[in-house]
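Participant: Sending over input-v2.cif (mmCIF, C-alpha atoms).
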```
data_input
#
loop_
_atom_site.label_atom_id
_atom_site.label_comp_id
_atom_site.auth_asym_id
_atom_site.auth_seq_id
_atom_site.Cartn_x
_atom_site.Cartn_y
_atom_site.Cartn_z
CA MET A 546 21.54 -2.22 25.39
CA THR A 547 19.84 -1.83 22.00
CA ARG A 548 20.34 -4.65 19.53
CA MET A 549 22.39 -4.02 16.40
CA GLN A 550 20.38 -2.91 13.41
CA LEU A 551 22.82 -4.08 10.74
CA ALA A 552 25.01 -7.13 10.17
CA ASP A 553 28.50 -6.66 8.75
CA GLY A 554 27.47 -8.07 5.38
CA GLU A 555 24.53 -5.65 5.15
CA TRP A 556 26.73 -2.68 6.00
CA GLU A 557 29.04 -3.57 3.10
CA PHE A 558 26.14 -2.90 0.72
CA ILE A 559 25.24 0.43 2.35
CA GLU A 560 28.59 2.07 3.10
CA PRO A 561 29.53 2.98 -0.53
CA TYR A 562 26.36 5.09 -0.89
CA LEU A 563 26.98 7.31 2.15
CA PRO A 564 28.80 10.55 1.27
CA ILE A 565 31.86 11.25 3.43
CA GLY A 566 33.52 14.60 4.00
CA ARG A 567 30.92 16.94 2.60
CA PHE A 568 28.21 15.69 4.96
CA GLY A 569 30.24 14.85 8.03
CA PRO A 570 33.78 14.85 9.39
CA TYR A 571 33.45 11.57 11.32
CA PRO A 572 33.21 8.65 8.87
CA GLU A 573 33.82 6.14 11.67
CA ARG A 574 30.43 7.07 13.18
CA LEU A 575 28.42 6.77 9.97
CA ARG A 576 27.37 3.20 10.73
CA GLN A 577 26.09 4.15 14.18
CA GLN A 578 24.15 7.09 12.74
CA PHE A 579 22.71 5.02 9.91
CA GLU A 580 21.62 2.38 12.40
CA GLY A 581 19.97 5.16 14.39
CA VAL A 582 17.89 6.08 11.35
CA ILE A 583 16.91 2.43 10.94
CA TRP A 584 15.95 2.27 14.63
CA ARG A 585 13.71 5.31 14.24
CA PHE A 586 11.72 3.92 11.29
CA ARG A 587 11.72 0.34 12.58
CA THR A 588 10.28 1.25 15.98
CA GLY A 589 8.40 4.44 15.13
CA GLY A 590 9.93 6.07 18.20
CA GLN A 591 10.60 9.77 18.56
CA TRP A 592 13.97 11.12 17.57
CA ARG A 593 14.48 12.47 21.09
CA GLU A 594 13.97 8.97 22.57
CA MET A 595 16.78 7.44 20.52
CA PRO A 596 19.18 5.23 22.56
CA ARG A 597 22.61 6.66 23.24
CA GLU A 598 24.31 3.81 21.39
CA PHE A 599 23.56 5.64 18.13
CA GLY A 600 24.96 8.97 19.31
CA ALA A 601 23.21 12.26 20.00
CA TRP A 602 19.68 12.18 18.58
CA SER A 603 20.07 15.66 17.09
CA THR A 604 23.19 14.57 15.19
CA VAL A 605 21.47 11.47 13.81
CA HIS A 606 18.42 13.51 12.82
CA ASN A 607 20.54 16.11 11.05
CA ARG A 608 22.47 13.39 9.27
CA PHE A 609 19.17 11.82 8.13
CA ARG A 610 17.99 15.15 6.71
CA GLN A 611 21.29 15.63 4.88
CA TRP A 612 21.11 12.13 3.40
CA ARG A 613 17.47 12.66 2.47
CA ASP A 614 18.16 15.94 0.67
CA ALA A 615 21.17 14.39 -1.11
CA GLY A 616 19.01 11.53 -2.40
CA VAL A 617 21.05 8.87 -0.59
CA PHE A 618 18.13 6.57 0.22
CA GLU A 619 16.73 6.63 -3.31
CA ALA A 620 20.22 6.00 -4.73
CA LEU A 621 20.66 3.11 -2.29
CA LEU A 622 17.46 1.47 -3.51
CA GLU A 623 18.48 1.89 -7.14
CA GLY A 624 21.93 0.52 -6.33
CA VAL A 625 20.73 -2.65 -4.63
CA ILE A 626 18.25 -3.30 -7.46
CA THR A 627 21.12 -2.96 -9.94
CA GLU A 628 23.25 -5.36 -7.89
CA ALA A 629 20.35 -7.82 -7.73
CA ALA A 630 19.90 -7.59 -11.50
CA LYS A 631 23.59 -8.42 -12.02
CA ARG A 632 23.08 -11.55 -9.95
CA GLY A 633 19.91 -12.47 -11.84
CA GLU A 634 17.70 -11.88 -8.79
CA VAL A 635 15.20 -9.51 -10.47
CA ASP A 636 12.24 -11.18 -12.16
CA LEU A 637 10.34 -8.81 -14.49
CA SER A 638 8.20 -11.53 -16.03
CA LEU A 639 5.39 -10.09 -13.89
CA VAL A 640 5.18 -6.74 -12.08
CA SER A 641 2.27 -6.25 -9.70
CA VAL A 642 0.89 -2.85 -8.74
CA ASP A 643 -1.22 -2.01 -5.70
CA SER A 644 -1.62 0.64 -3.01
CA THR A 645 -2.07 0.83 0.73
CA THR A 646 -3.44 3.56 2.98
CA VAL A 647 -1.24 4.73 5.85
CA ARG A 648 -2.70 6.45 8.87
CA ALA A 649 -0.90 9.68 9.75
CA HIS A 650 -0.19 10.36 13.41
CA HIS A 651 -1.15 13.82 14.63
CA ASP A 652 2.57 14.58 14.90
CA ALA A 653 2.67 14.47 11.08
CA ALA A 654 0.47 17.59 10.84
CA GLY A 655 1.82 21.11 10.70
CA MET A 656 4.44 20.97 7.97
CA HIS A 657 6.18 24.32 7.66
CA LEU A 658 5.73 26.13 4.36
CA ASP A 659 7.68 29.12 3.18
CA PRO A 660 5.41 32.22 3.45
CA ASP A 661 6.08 33.20 -0.16
CA MET A 662 5.29 29.68 -1.37
CA LEU A 663 2.11 29.58 0.70
CA ALA A 664 1.05 32.96 -0.71
CA ASP A 665 1.61 31.75 -4.27
CA LEU A 666 -0.35 28.56 -3.63
CA GLU A 667 -3.16 30.52 -2.02
CA LYS A 668 -3.30 32.92 -4.99
CA ALA A 669 -3.47 30.03 -7.45
CA ALA A 670 -6.19 28.30 -5.42
CA LYS A 671 -8.20 31.51 -5.21
CA GLU A 672 -8.04 31.98 -8.98
CA THR A 673 -9.14 28.38 -9.46
CA GLU A 674 -12.13 28.92 -7.19
CA LYS A 675 -13.13 32.02 -9.15
CA ALA A 676 -12.90 30.11 -12.43
CA ARG A 677 -15.24 27.42 -11.09
CA GLN A 678 -17.88 29.84 -9.82
CA LYS A 679 -21.08 30.20 -11.80
CA GLY A 680 -23.84 32.74 -11.85
CA GLY A 681 -23.37 35.80 -9.68
CA GLY A 682 -20.24 34.62 -7.89
CA PRO A 683 -19.88 33.97 -4.17
CA GLN A 684 -21.83 37.10 -3.17
CA GLY A 685 -24.79 35.99 -5.23
CA GLN A 686 -24.68 32.37 -4.11
CA ASP A 687 -24.29 32.57 -0.34
CA GLY A 688 -27.62 34.28 0.34
CA HIS A 689 -26.13 37.49 1.73
CA GLY A 690 -27.39 39.66 -1.11
CA GLY A 691 -23.93 40.67 -2.26
CA ALA A 692 -22.98 42.24 1.08
CA HIS A 693 -19.26 42.07 1.87
CA ASP A 694 -18.55 40.12 5.06
CA PRO A 695 -14.90 40.36 6.23
CA GLN A 696 -15.36 37.58 8.79
CA ARG A 697 -16.68 35.17 6.17
CA ASP A 698 -13.77 36.01 3.87
CA GLU A 699 -11.32 35.36 6.70
CA ARG A 700 -12.88 31.97 7.45
CA ARG A 701 -12.57 31.04 3.79
CA ARG A 702 -8.93 32.11 3.77
CA VAL A 703 -8.16 29.99 6.84
CA ARG A 704 -9.88 26.93 5.35
CA ARG A 705 -8.08 27.47 2.05
CA ARG A 706 -4.69 27.65 3.76
CA HIS A 707 -5.45 24.53 5.76
CA ARG A 708 -6.30 22.59 2.59
CA LEU A 709 -3.14 23.84 0.90
CA ARG A 710 -0.96 22.74 3.81
CA LEU A 711 -2.50 19.26 3.76
CA ARG A 712 -2.06 19.03 -0.02
CA ALA A 713 1.58 20.09 0.17
CA ALA A 714 2.21 17.51 2.92
CA LEU A 715 0.41 14.80 0.88
CA LEU A 716 -2.09 14.28 3.67
CA GLY A 717 -5.70 13.48 2.92
CA ARG A 718 -8.78 13.82 5.05
CA SER A 719 -11.05 10.87 5.84
CA ARG A 720 -13.44 9.78 8.58
CA GLY A 721 -10.54 8.12 10.34
CA GLY A 722 -8.35 11.22 10.25
CA GLN A 723 -5.40 12.23 8.11
CA THR A 724 -3.97 9.60 5.78
CA SER A 725 -1.43 9.11 3.02
CA LYS A 726 -1.40 6.45 0.33
CA VAL A 727 1.62 4.47 -0.83
CA HIS A 728 1.54 3.09 -4.39
CA VAL A 729 3.84 0.07 -4.83
CA ALA A 730 5.20 -1.89 -7.78
CA ALA A 731 6.68 -5.30 -6.95
CA GLU A 732 8.56 -7.80 -9.06
CA ARG A 733 7.61 -11.45 -9.10
CA ARG A 734 9.89 -12.44 -6.20
CA CYS A 735 8.17 -10.05 -3.76
CA HIS A 736 10.78 -7.27 -3.98
CA PRO A 737 9.99 -3.54 -4.29
CA LEU A 738 10.71 -1.65 -7.50
CA VAL A 739 8.80 1.64 -7.18
CA LEU A 740 7.27 3.57 -4.28
CA VAL A 741 5.08 6.66 -4.77
CA VAL A 742 3.35 8.65 -2.00
CA THR A 743 0.10 10.57 -2.58
CA GLU A 744 -2.74 11.98 -0.53
CA GLY A 745 -4.90 9.42 1.22
CA GLN A 746 -7.98 10.06 -0.93
CA ALA A 747 -6.08 9.75 -4.24
CA ALA A 748 -7.53 7.13 -6.56
CA ASP A 749 -5.45 4.13 -7.60
CA SER A 750 -6.07 4.14 -11.35
CA PRO A 751 -4.53 7.59 -12.14
CA GLN A 752 -1.28 6.48 -10.45
CA PHE A 753 -0.96 3.30 -12.50
CA ILE A 754 0.98 4.82 -15.41
CA PRO A 755 3.20 7.13 -13.25
CA VAL A 756 4.23 4.14 -11.14
CA LEU A 757 5.09 1.98 -14.16
CA GLU A 758 7.08 4.81 -15.74
CA LYS A 759 9.41 4.72 -12.73
CA VAL A 760 10.33 1.06 -13.25
CA ARG A 761 14.01 1.05 -14.22
CA VAL A 762 16.28 -1.96 -13.83
CA ARG A 763 19.88 -1.72 -15.02
CA GLY A 764 21.30 -5.12 -15.91
CA PRO A 765 24.93 -6.17 -16.30
CA VAL A 766 24.89 -5.38 -20.04
CA GLY A 767 22.67 -3.48 -22.44
CA ARG A 768 20.21 -0.71 -21.88
CA MET A 769 18.20 -0.12 -18.75
CA ARG A 770 15.07 -2.25 -18.75
CA THR A 771 11.84 -0.29 -18.23
CA ARG A 772 9.25 -2.68 -19.64
CA PRO A 773 8.12 -5.84 -17.83
CA ASP A 774 6.61 -8.79 -19.66
CA ALA A 775 3.26 -8.49 -17.86
CA VAL A 776 1.63 -6.20 -15.30
CA ALA A 777 -0.97 -7.36 -12.79
CA GLY A 778 -3.45 -5.22 -10.89
CA ASP A 779 -6.84 -5.56 -9.28
CA LYS A 780 -10.10 -4.16 -10.67
CA ALA A 781 -9.26 -0.65 -9.43
CA TYR A 782 -6.80 -0.37 -12.34
CA SER A 783 -9.27 -1.58 -14.96
CA SER A 784 -9.58 1.45 -17.23
CA ARG A 785 -9.30 1.86 -20.97
CA GLY A 786 -6.42 4.33 -20.59
CA ASN A 787 -4.35 1.89 -18.52
CA ARG A 788 -5.00 -0.98 -20.91
CA ASP A 789 -4.15 1.17 -23.94
CA HIS A 790 -0.89 2.22 -22.28
CA LEU A 791 0.13 -1.40 -21.74
CA ARG A 792 -0.95 -2.40 -25.24
CA LYS A 793 1.13 0.33 -26.87
CA ARG A 794 4.20 -0.79 -24.95
CA GLY A 795 3.65 -4.45 -25.75
CA VAL A 796 3.04 -5.40 -22.12
CA LYS A 797 0.52 -8.08 -21.22
CA ALA A 798 -2.30 -6.77 -19.00
CA VAL A 799 -3.34 -9.08 -16.16
CA ILE A 800 -6.23 -6.96 -14.88
CA PRO A 801 -9.81 -8.25 -14.43
CA GLU A 802 -12.65 -6.17 -15.79
CA LYS A 803 -15.21 -4.47 -13.56
CA ARG A 804 -18.81 -5.61 -13.82
CA ASP A 805 -20.16 -2.18 -14.73
CA GLN A 806 -17.52 -1.79 -17.45
CA ALA A 807 -18.45 -5.18 -18.91
CA ALA A 808 -22.15 -4.27 -18.82
CA ASN A 809 -21.56 -0.94 -20.57
CA ARG A 810 -19.43 -2.64 -23.21
CA LYS A 811 -22.16 -5.19 -23.92
CA LYS A 812 -24.79 -2.44 -24.24
CA LYS A 813 -22.78 -0.83 -27.03
CA GLY A 814 -22.74 -4.05 -29.00
CA SER A 815 -20.03 -4.26 -31.66
CA GLU A 816 -18.99 -0.67 -30.90
CA GLY A 817 -18.07 -1.66 -27.35
CA GLY A 818 -15.04 -3.60 -28.51
CA ARG A 819 -13.84 -7.08 -27.75
CA PRO A 820 -14.37 -8.73 -24.36
CA VAL A 821 -11.56 -8.14 -21.89
CA SER A 822 -9.79 -11.26 -20.72
CA HIS A 823 -6.87 -11.89 -18.38
CA ASP A 824 -4.64 -14.80 -17.46
CA ALA A 825 -6.26 -16.21 -14.30
CA ASP A 826 -3.26 -18.38 -13.45
CA LEU A 827 -0.85 -15.47 -13.80
CA TYR A 828 -3.19 -13.27 -11.76
CA LYS A 829 -2.68 -15.59 -8.78
CA ASP A 830 0.87 -14.25 -8.46
CA ARG A 831 -0.44 -10.74 -7.82
CA ASN A 832 -0.30 -11.59 -4.11
CA THR A 833 3.42 -10.72 -4.23
CA VAL A 834 2.64 -7.01 -3.99
CA GLU A 835 0.26 -7.60 -1.08
CA ARG A 836 2.90 -9.64 0.74
CA LEU A 837 5.41 -6.88 0.03
CA ILE A 838 3.11 -4.28 1.59
CA ASN A 839 3.00 -6.41 4.74
CA LYS A 840 6.80 -6.48 4.76
CA LEU A 841 6.99 -2.71 4.38
CA LYS A 842 4.57 -2.18 7.25
CA ALA A 843 6.53 -4.48 9.52
CA TRP A 844 8.41 -1.29 10.45
CA ARG A 845 6.18 0.79 12.69
CA GLY A 846 7.51 4.06 11.31
CA ILE A 847 6.25 2.96 7.89
CA ALA A 848 2.92 1.47 9.00
CA THR A 849 2.08 4.83 10.60
CA ARG A 850 3.34 8.10 9.22
CA TYR A 851 5.00 10.27 11.88
CA ASP A 852 6.94 12.54 9.49
CA LYS A 853 5.68 16.01 8.73
CA THR A 854 7.20 16.22 5.26
CA PRO A 855 6.43 13.69 2.53
CA ASP A 856 10.11 13.68 1.55
CA SER A 857 11.09 12.29 4.96
CA TYR A 858 8.43 9.60 4.86
CA LEU A 859 9.40 8.64 1.30
CA ALA A 860 13.04 8.42 2.40
CA GLY A 861 11.96 6.00 5.12
CA LEU A 862 10.09 3.95 2.51
CA HIS A 863 13.18 3.80 0.31
CA LEU A 864 15.24 2.74 3.32
CA ARG A 865 12.81 -0.03 4.21
CA ALA A 866 12.63 -1.20 0.59
CA SER A 867 16.44 -1.24 0.37
CA MET A 868 16.72 -3.35 3.51
CA ILE A 869 14.28 -5.91 2.06
CA TRP A 870 16.56 -6.29 -0.96
CA ILE A 871 19.75 -6.31 1.15
CA LYS A 872 18.45 -8.98 3.53
CA ASP A 873 17.79 -11.35 0.64
CA LEU A 874 21.04 -10.49 -1.18
CA THR A 875 23.19 -11.17 1.89
CA ARG A 876 21.30 -14.42 2.47
CA THR A 877 22.07 -15.64 -1.05
CA THR A 878 25.69 -14.46 -0.76
CA HIS A 879 26.36 -16.61 2.27
#
```
What's the structure tokens form of this structure?
Facilitator:
Amino acid sequence: MTRMQLADGEWEFIEPYLPIGRFGPYPERLRQQFEGVIWRFRTGGQWREMPREFGAWSTVHNRFRQWRDAGVFEALLEGVITEAAKRGEVDLSLVSVDSTTVRAHHDAAGMHLDPDMLADLEKAAKETEKARQKGGGPQGQDGHGGAHDPQRDERRRVRRRHRLRLRAALLGRSRGGQTSKVHVAAERRCHPLVLVVTEGQAADSPQFIPVLEKVRVRGPVGRMRTRPDAVAGDKAYSSRGNRDHLRKRGVKAVIPEKRDQAANRKKKGSEGGRPVSHDADLYKDRNTVERLINKLKAWRGIATRYDKTPDSYLAGLHLRASMIWIKDLTRTTH
């Protein structure tokens, strides 16, 4: 027997967000199927190895894809955050931002792309390569004296298609293999607010503003809140663009300055601007986002990416984030 994945109180939070009728004629089995999805991401097991208590694995997998495409998991996360805000359980006095690299299993490779879409992507990539070429072009740079080599062109086409498939799947290449990166924003009580998936080699700093722009908390009254009081991040987020963005929005930056940035600023003298300072005591609470990442990776299907499509993996992230909120909300309710 497989243990239950949900308590009755937790299911009461989830049930209103599951569409009935359009996506399934058997509403009495929705809880079993939803628990099957939780089992898959919690254990990291294959869909085909799913215990029979959750029903046929193919049915559960199809239901997951329907919920994913309908945005059920994202809506669930937004809904539980809204419910937490009504209860006063969301603390936006400090939002911490960080990222974590996730190793992709070899089963995550090979995402199917529509042939027309792949052809369009390949055409755009080819035009970009031509725009970057200097001098005499590829024939003048490869040492072949301008001679046309069909085999070399075919090898380039295969490598280009491989890179495009990895980029579309949000998979990056590293010495350790294929990876993805999850960018996380956490509120002060160690709860998730925003989750963004990128390629494994993507830098942290360019994702700082896109992550903060997704922070939306709807309270019991008034407009949706999108601006925290302060934002904390490590030195990877220490850039002038990020600081200017926070300054324009009236948000306190709790980000230490890099040594090389401080040295360059001092070299410029008065033109380098004022010294960058941050609240050291407030920075100590940045560990909430690191603790949250550990909670997210407690599910094996999140710690390692097994999903071919980034949409499926992001749906699993939203599910895991929702369960973190629901666990705490049901605990405070009782």
Participant: Kindly indicate which residue among A:Ile559, A:Gly554, A:His823, A:Lys803 lies nearest to Phe618 of chain A, using only C-alpha atoms for the distances.
Facilitator: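 Closest residue, counting only C-alpha atoms: A:Ile559.
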Participant: Starting from the displayed file, determine the output of the PyMOL selection byres ((chain A and resi 782-787) around 8) and express the residue list as a VMD selection string.
Facilitator: chain A and resid 749 to 750 753 to 754 778 to 781 788 to 791 800 to 803
Participant: Running the PyMOL selection byres ((chain A and resi 721) around 12) on this model by hand, what would come out? Give it as a ChimeraX atom specification.
Facilitator: /A:646-651,717-720,722-725,745-746
Participant: When you count all atoms listed in the file, which of these residues is closest to Val766 of chain A: A:Val640, A:Gly600, A:Lys631, A:Lys793?
Facilitator: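 Closest to Val766 of chain A of all the choices is A:Lys631.
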Participant: Taking the file above as input, evaluate the PyMOL selection byres ((chain A and resi 609) around 10) and report the hits as a PyMOL selection string.
Facilitator: chain A and resi 578-579+581-582+603-608+610-615+617-618+857+860-861
